[in-house]
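K.L.:
Got a structure for you, questions after.
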Amino acid sequence: MRKWTVPSALLLLCLLFLFADQGRNFQANAEVNSEELVDPPKVEDKIGAVPHGLSTDSDVAKREAESISKRSLRSNAEKFEFQAEVSRLMDIIINSLYSNKDIFLRELISNASDALDKIRFLSLTDKEILGEGDTAKLEIQIKLDKEKKILSIRDRGVGMTKEDLVKNLGTIAKSGTSAFVEKMQTSGDLNLIGQFGVGFYSVYLVADYVEVISKHNDDKQYVWESKADGAFAISEDTWNEPLGRGTEIRLHLRDEAGEYLEESKLKELVKRYSEFINFPIYLWASKEVDVEVPADEDESSDEGESSESSSEEENEEDAEKSEDEEKKPKTKTVKETTYEWELLNDVKAIWLRNPKEVTDEEYNKFYHTLAKDFSDEKPLAWSHFTAEGDVEFKAVLFVPPKAPHDLYEGYYNSNKSNLKLYVRRVFISDEFDELLPKYLSFLQGLVDSDTLPLNVSREMLQQHSSLKTIKKKLIRKALDMIRRIADEDPDESTDKDKKEEVSSDNDEKRGQYSKFWNEFGKSIKLGIIEDATNRNRLAKLLRFESTKSEGKLTSLDQYISRMKSGQKDIFYITGTSKEQLEKSPFLERLKKNNYEVIFFTDPVDEYLMQYLMDYEDKKFQNVSKEGLKLGKDAKAKELKESFKDLTKWWKNALSSDNIDDVKISNRLDNTPCVVVTSKYGWSANMERIMQSQTLSDAKKQAYMRGKRVLEINPRHPIIKELQERVVKNPEDESVKQTAQLMYQTALFESGFLLDDPKDFASRIYDSVKSSLDISPEAAVEEEDDSEEAETESDAKEEDASTPKAEADADADAKDEL
């Protein structure tokens, strides 16, 4: 046995080495063959061909799954910090208790539509920019992955470069960010987020991790990602499907946002918010269809047996037919789920339809989509019309229910336009401010022209001859639309019977014009200042309160209808508030004689009345200025003659105060005197406005100040007494002091600012002394010096006691030692 043991062991070792070497060769051959036989991973040509997502190779899928599961930013990505305001905004959104989270989808679709508009506009001058095949399709695609809880929105728009991703989604916070944050803190309403240009961040209402994959024609494909934790990352995209061009946003939904993985929910949201987007919106939707499949063998055999048993009772022809049928393969119908792109917004553009065929509800929906205003409020009015002739265009204009937060900020320095310009259904610009004047920039809408050229620059378009015609027609239609709000408002009717009749039929429109005026009244006033051509039309739209309007707004036409017989002028007064003006001494005689006076309390009213000189052949008269005529006064000449000495003396006494004249007044009743200005100079209110300007120049303003005239009330007892004392002793110093004090008081009561308030106060105190029989020489009691002496002695005692206390402390310390 022993002599066979060693050779056997050697034989076994040789066999083991042989098999191992063959195994290695076999494995190597298998790897070579696999490389030759297996094609490399292919990207699907069409995104729609893959029912459960974009196809990638197994390694890429594995890496992406790991990234998604960990919800962490990719390690090789370049990290950035959000700008402070953006972080603040995102914190508010993430922690918001706002119930309507649906808004995120409409904001993403709106942004996608804007990106598609941009690429279509660029393609007008460079057709190759669109690319070929599917890349050239301008559409929006929505896709679901229920297993991974991912909602994807993709567009084939202009896309973003790496720099764009950093700027637009992280570091540069537009002015709208601050404005929206302030709005959120006051109202807590996220619904207007799109109007502030920060709608993208609404994704964090439903997602805790967001990826933005974007490809611009001028850059590589990049991925922007963030967990909304104050940071975001950007990396070159080497693992996702090449987009060709455009942007895909992937939302990794929170657990509580599972409803947005339901197709029915997404269809409902698109229908509600984005029905009138100008590009097709597709949803990768499931669909059950009936499919013929081969029947199972057991089922076919059962059917064969049953057919044989029944054939015994049939005739020969039926038997032959059954034999032919048996030759065909047995099949059955089953339900099978398939996926395809379903178009969600197949509504024709509203402006291309006949206005009679469009319902009010459709106009309201279109306005909300256009203005990105998804509040419950409806537009106050709209105008849908087609212009024909030399210049053809279609337009839809809307009056918003509320004014934008920044409507009058930088009014003359910024180009604000809410009108979208289309040329032959192709979107050109939403920043084209040449279609409407600045005072109508609050209007929302669009214009689609068939006359303007497509592929020209903005500068050439501005100089196009058709533009002036379009602008002229738009202004006329806009003003007609605003006037219609007033005409249909029962509260605007002057006929009481008609008002009661209309109120029952059209109660919805009650108070609509008052609402419009409170929001956009300043724009109408600016229009009167800027637009001389339409000044009379705009004047008809003016509203204000007056002494007879009983707290309600009234119009110039209503004012004229209430004018007294023989009244030639329209009376008005300017000031800071209605309450102040109602107590003005300028209104005393006017109220007594039943004249109506208009209250203008807006600072812009002062500028307005410099341009609105007359209306319906009636001149405007400021009752705080010279030239007020209230009919003929038979005693006017007599009074003027009897007070001639007083007026002359008073003018000389006020020579140092730049008083132009002292006259007898025809506007006072209970007040002794007022100060009025010359007809073409500044009023007291205008002086105050100009002095409050940041860059005001006092020297230049001196030329514009109106000449001041002191008007006295000859029937007032103070004036009568003053006249008697002047006649007795014109050099009486006390009379001069009284006259000066009365002038300063009249200045103050008339709305002027005093040049020397200290002098005025001193005169008041002297007057108080006189009324209390205190001697003018009485001095203020001086402060007692004994209190100061006591304070000094106390301080000395403290200083003396300090060294003594220190010495006692040292002695105690020595004793202890």
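Going through the structure tokens in order, the chains are called A, B, and so on, while each chain numbers its residues from 1 and the ligands are numbered from 1 in the order shown.
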Give me the residues within 7 Å of A:Arg254 as a list in words, counting only C-alpha atoms and dropping any in the same chain fewer than 4 places off.

P.N.:
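Selected residues are Val206, Ala207 and Asp208 of chain A.
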
K.L.:
Could the residues in this selection be written to a file with C-alpha atoms, as a compact mmCIF listing (two decimals), in the first residue's frame?

P.N.:
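Printed below is out.txt as written:
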# COMPACT_ATOMS: atom_id res chain seq x y z
CA VAL A 206 -43.96 68.54 -1.69
CA ALA A 207 -40.35 67.37 -2.13
CA ASP A 208 -37.43 66.97 0.26

K.L.:
Write out as a list of chain:residue names each polymer residue whose atoms come within 8 Å of A:Phe385, counting only C-alpha atoms; drop sequence neighbours fewer than 5 positions from it.

P.N.:
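Surrounding residues, per the criterion: A:Pro355, A:Lys394, A:Ala395, A:Val396.
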
K.L.:
Put those residues in a file: C-alpha atoms, as a short mmCIF file (atom, residue, chain, number, x, y, z; two decimals), in the first residue's frame.

P.N.:
data_model
loop_
_atom_site.label_atom_id
_atom_site.label_comp_id
_atom_site.auth_asym_id
_atom_site.auth_seq_id
_atom_site.Cartn_x
_atom_site.Cartn_y
_atom_site.Cartn_z
CA PRO A 355 -65.46 86.12 -28.26
CA LYS A 394 -56.11 90.10 -32.04
CA ALA A 395 -55.94 91.11 -28.40
CA VAL A 396 -57.26 90.19 -24.96
#

K.L.:
Enumerate, as an MDAnalysis selection string, the complete set of residues in stretch 433-535 of chain A that a backbone-based DSSP assignment places in helix (DSSP H, G or I).

P.N.:
chainID A and resid 438:440 458:462 465:487 490:492 496:505 507:509 512:530 535

K.L.:
Residues at most 9 Å from A:Lys271, counting only C-alpha atoms, excluding those fewer than 4 positions away in the same chain, as an MDAnalysis selection string?

P.N.:
chainID A and resid 266:267 275:276 344:345

K.L.:
Save the residues we just selected, N, CA and C atoms, as a PDB file, in the first residue's frame?

P.N.:
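Listed below is the output, out-v3.pdb:
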ATOM      1  N   LEU A 266     -52.794  64.789 -11.207  1.00  0.00           N
ATOM      2  CA  LEU A 266     -52.015  65.637 -12.102  1.00  0.00           C
ATOM      3  C   LEU A 266     -52.869  66.172 -13.239  1.00  0.00           C
ATOM      4  N   LYS A 267     -53.751  65.335 -13.774  1.00  0.00           N
ATOM      5  CA  LYS A 267     -54.653  65.792 -14.835  1.00  0.00           C
ATOM      6  C   LYS A 267     -55.555  66.916 -14.334  1.00  0.00           C
ATOM      7  N   GLU A 275     -54.324  75.051 -18.325  1.00  0.00           N
ATOM      8  CA  GLU A 275     -55.087  74.662 -19.505  1.00  0.00           C
ATOM      9  C   GLU A 275     -54.738  75.518 -20.717  1.00  0.00           C
ATOM     10  N   PHE A 276     -54.358  76.775 -20.478  1.00  0.00           N
ATOM     11  CA  PHE A 276     -54.141  77.703 -21.585  1.00  0.00           C
ATOM     12  C   PHE A 276     -52.660  77.979 -21.849  1.00  0.00           C
ATOM     13  N   LEU A 344     -52.829  66.827 -22.418  1.00  0.00           N
ATOM     14  CA  LEU A 344     -53.727  67.321 -21.362  1.00  0.00           C
ATOM     15  C   LEU A 344     -54.347  68.673 -21.672  1.00  0.00           C
ATOM     16  N   ASN A 345     -53.737  69.462 -22.530  1.00  0.00           N
ATOM     17  CA  ASN A 345     -54.265  70.807 -22.809  1.00  0.00           C
ATOM     18  C   ASN A 345     -54.521  70.963 -24.308  1.00  0.00           C
TER      19      ASN A 345
END

K.L.:
What parts of stretch 554-630 of chain A does DSSP call strand (DSSP E)? I'd like the answer as an MDAnalysis selection string.

P.N.:
chainID A and resid 569:574 597:600 614:615 618:622

K.L.:
Determine the nearest neighbour of A:Asp450 from the options A:Ser417, A:Ser665, A:Ser523, A:Thr386, counting only C-alpha atoms.

P.N.:
A:Thr386

K.L.:
Write out as a VMD selection string each polymer residue whose atoms come within 12 Å of A:Ser441, counting only C-alpha atoms; drop sequence neighbours fewer than 3 positions from it.

P.N.:
chain A and resid 397 to 400 403 to 404 406 to 408 411 to 412 414 to 420 430 to 438 444 to 445 474 to 475 478 520 523 to 524 526 to 527

K.L.:
Compile a residue-level contact table for stretch 550-577 of chain A against stretch 603-617 of chain A at a cut-off of 12 Å, reporting for every qualifying residue the shortest atom pair and its distance in Å to one decimal, with only C-alpha atoms counted, rows ordered by chain and ascending number, as a tab-separated table.

P.N.:
residue	atom	partner	partner_atom	distance
A:Ser555	CA	A:Tyr615	CA	11.5
A:Leu556	CA	A:Tyr615	CA	8.0
A:Asp557	CA	A:Glu616	CA	8.8
A:Tyr559	CA	A:Tyr615	CA	11.0
A:Ile560	CA	A:Glu616	CA	8.8
A:Ser561	CA	A:Glu616	CA	11.5
A:Gln567	CA	A:Asp617	CA	11.9
A:Lys568	CA	A:Asp617	CA	8.8
A:Asp569	CA	A:Asp614	CA	8.8
A:Ile570	CA	A:Asp614	CA	8.4
A:Phe571	CA	A:Asp614	CA	11.2
A:Tyr572	CA	A:Met609	CA	9.7
A:Ile573	CA	A:Glu606	CA	9.7
A:Thr574	CA	A:Glu606	CA	7.1
A:Gly575	CA	A:Pro603	CA	8.1
A:Thr576	CA	A:Pro603	CA	7.8
A:Ser577	CA	A:Pro603	CA	10.4

K.L.:
With distances taken over only C-alpha atoms, which residue among A:Lys591, A:Lys548, A:Arg708, A:Lys332 lies nearest A:Asn670?

P.N.:
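Of A:Lys591, A:Lys548, A:Arg708, A:Lys332, the one nearest A:Asn670 is A:Lys591, counting only C-alpha atoms.
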
K.L.:
List the spatial neighbours of A:Ser274 as number ranges by chain - criterion: any atom at most 8 Å away, only C-alpha atoms, same-chain residues fewer than 6 positions off excluded.

P.N.:
A: 106, 109-110, 345, 369

K.L.:
Provide the atom CA of A:Lys629 to atom CA of A:Arg537 distance in Å, to one decimal place.

P.N.:
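Atom CA of A:Arg537 lies 28.1 Å from atom CA of A:Lys629.
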
K.L.:
With a distance cut-off of 7 Å and only C-alpha atoms, select the neighbouring residues of A:Glu139, excluding the residue or stretch itself and same-chain residues fewer than 4 positions from it, and output the selection as a list of chain:residue names.

P.N.:
A:Asp155, A:Arg156, A:Phe279, A:Pro280, A:Ile281

K.L.:
Those same residues - C-alpha atoms - I'd like them written as a PDB file, in the first residue's frame.

P.N.:
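What ended up in out-v5.pdb:
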ATOM      1  CA  ASP A 155     -39.287  70.648 -21.303  1.00  0.00           C
ATOM      2  CA  ARG A 156     -37.325  71.069 -24.509  1.00  0.00           C
ATOM      3  CA  PHE A 279     -47.355  74.453 -25.613  1.00  0.00           C
ATOM      4  CA  PRO A 280     -48.633  70.872 -25.477  1.00  0.00           C
ATOM      5  CA  ILE A 281     -48.436  69.261 -22.032  1.00  0.00           C
TER       6      ILE A 281
END

K.L.:
Could you check which of A:Leu630, A:Leu169, A:Ile764, A:Val675 is closest to A:Ser565, using only C-alpha atoms?

P.N.:
A:Leu630

K.L.:
What is the atom CA of A:Thr745 to atom CA of A:Leu722 distance in Å?

P.N.:
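Atom CA of A:Leu722 lies 15.6 Å from atom CA of A:Thr745.
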
K.L.:
Can you list, as JSON, numbers by chain, every protein, DNA or RNA residue that comes within 12 Å of A:Asn729 when you count only C-alpha atoms, leaving out same-chain residues fewer than 6 positions away?

P.N.:
{"A": [645, 646, 649, 722, 723, 735, 736]}

K.L.:
For each of A:Val86, A:Ala539, A:Val674, A:Val426, take the minimum atom-to-atom distance to A:Phe200, counting only C-alpha atoms, then give the residue where this is smallest.

P.N.:
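For A:Phe200, the nearest of the given residues is A:Val86.
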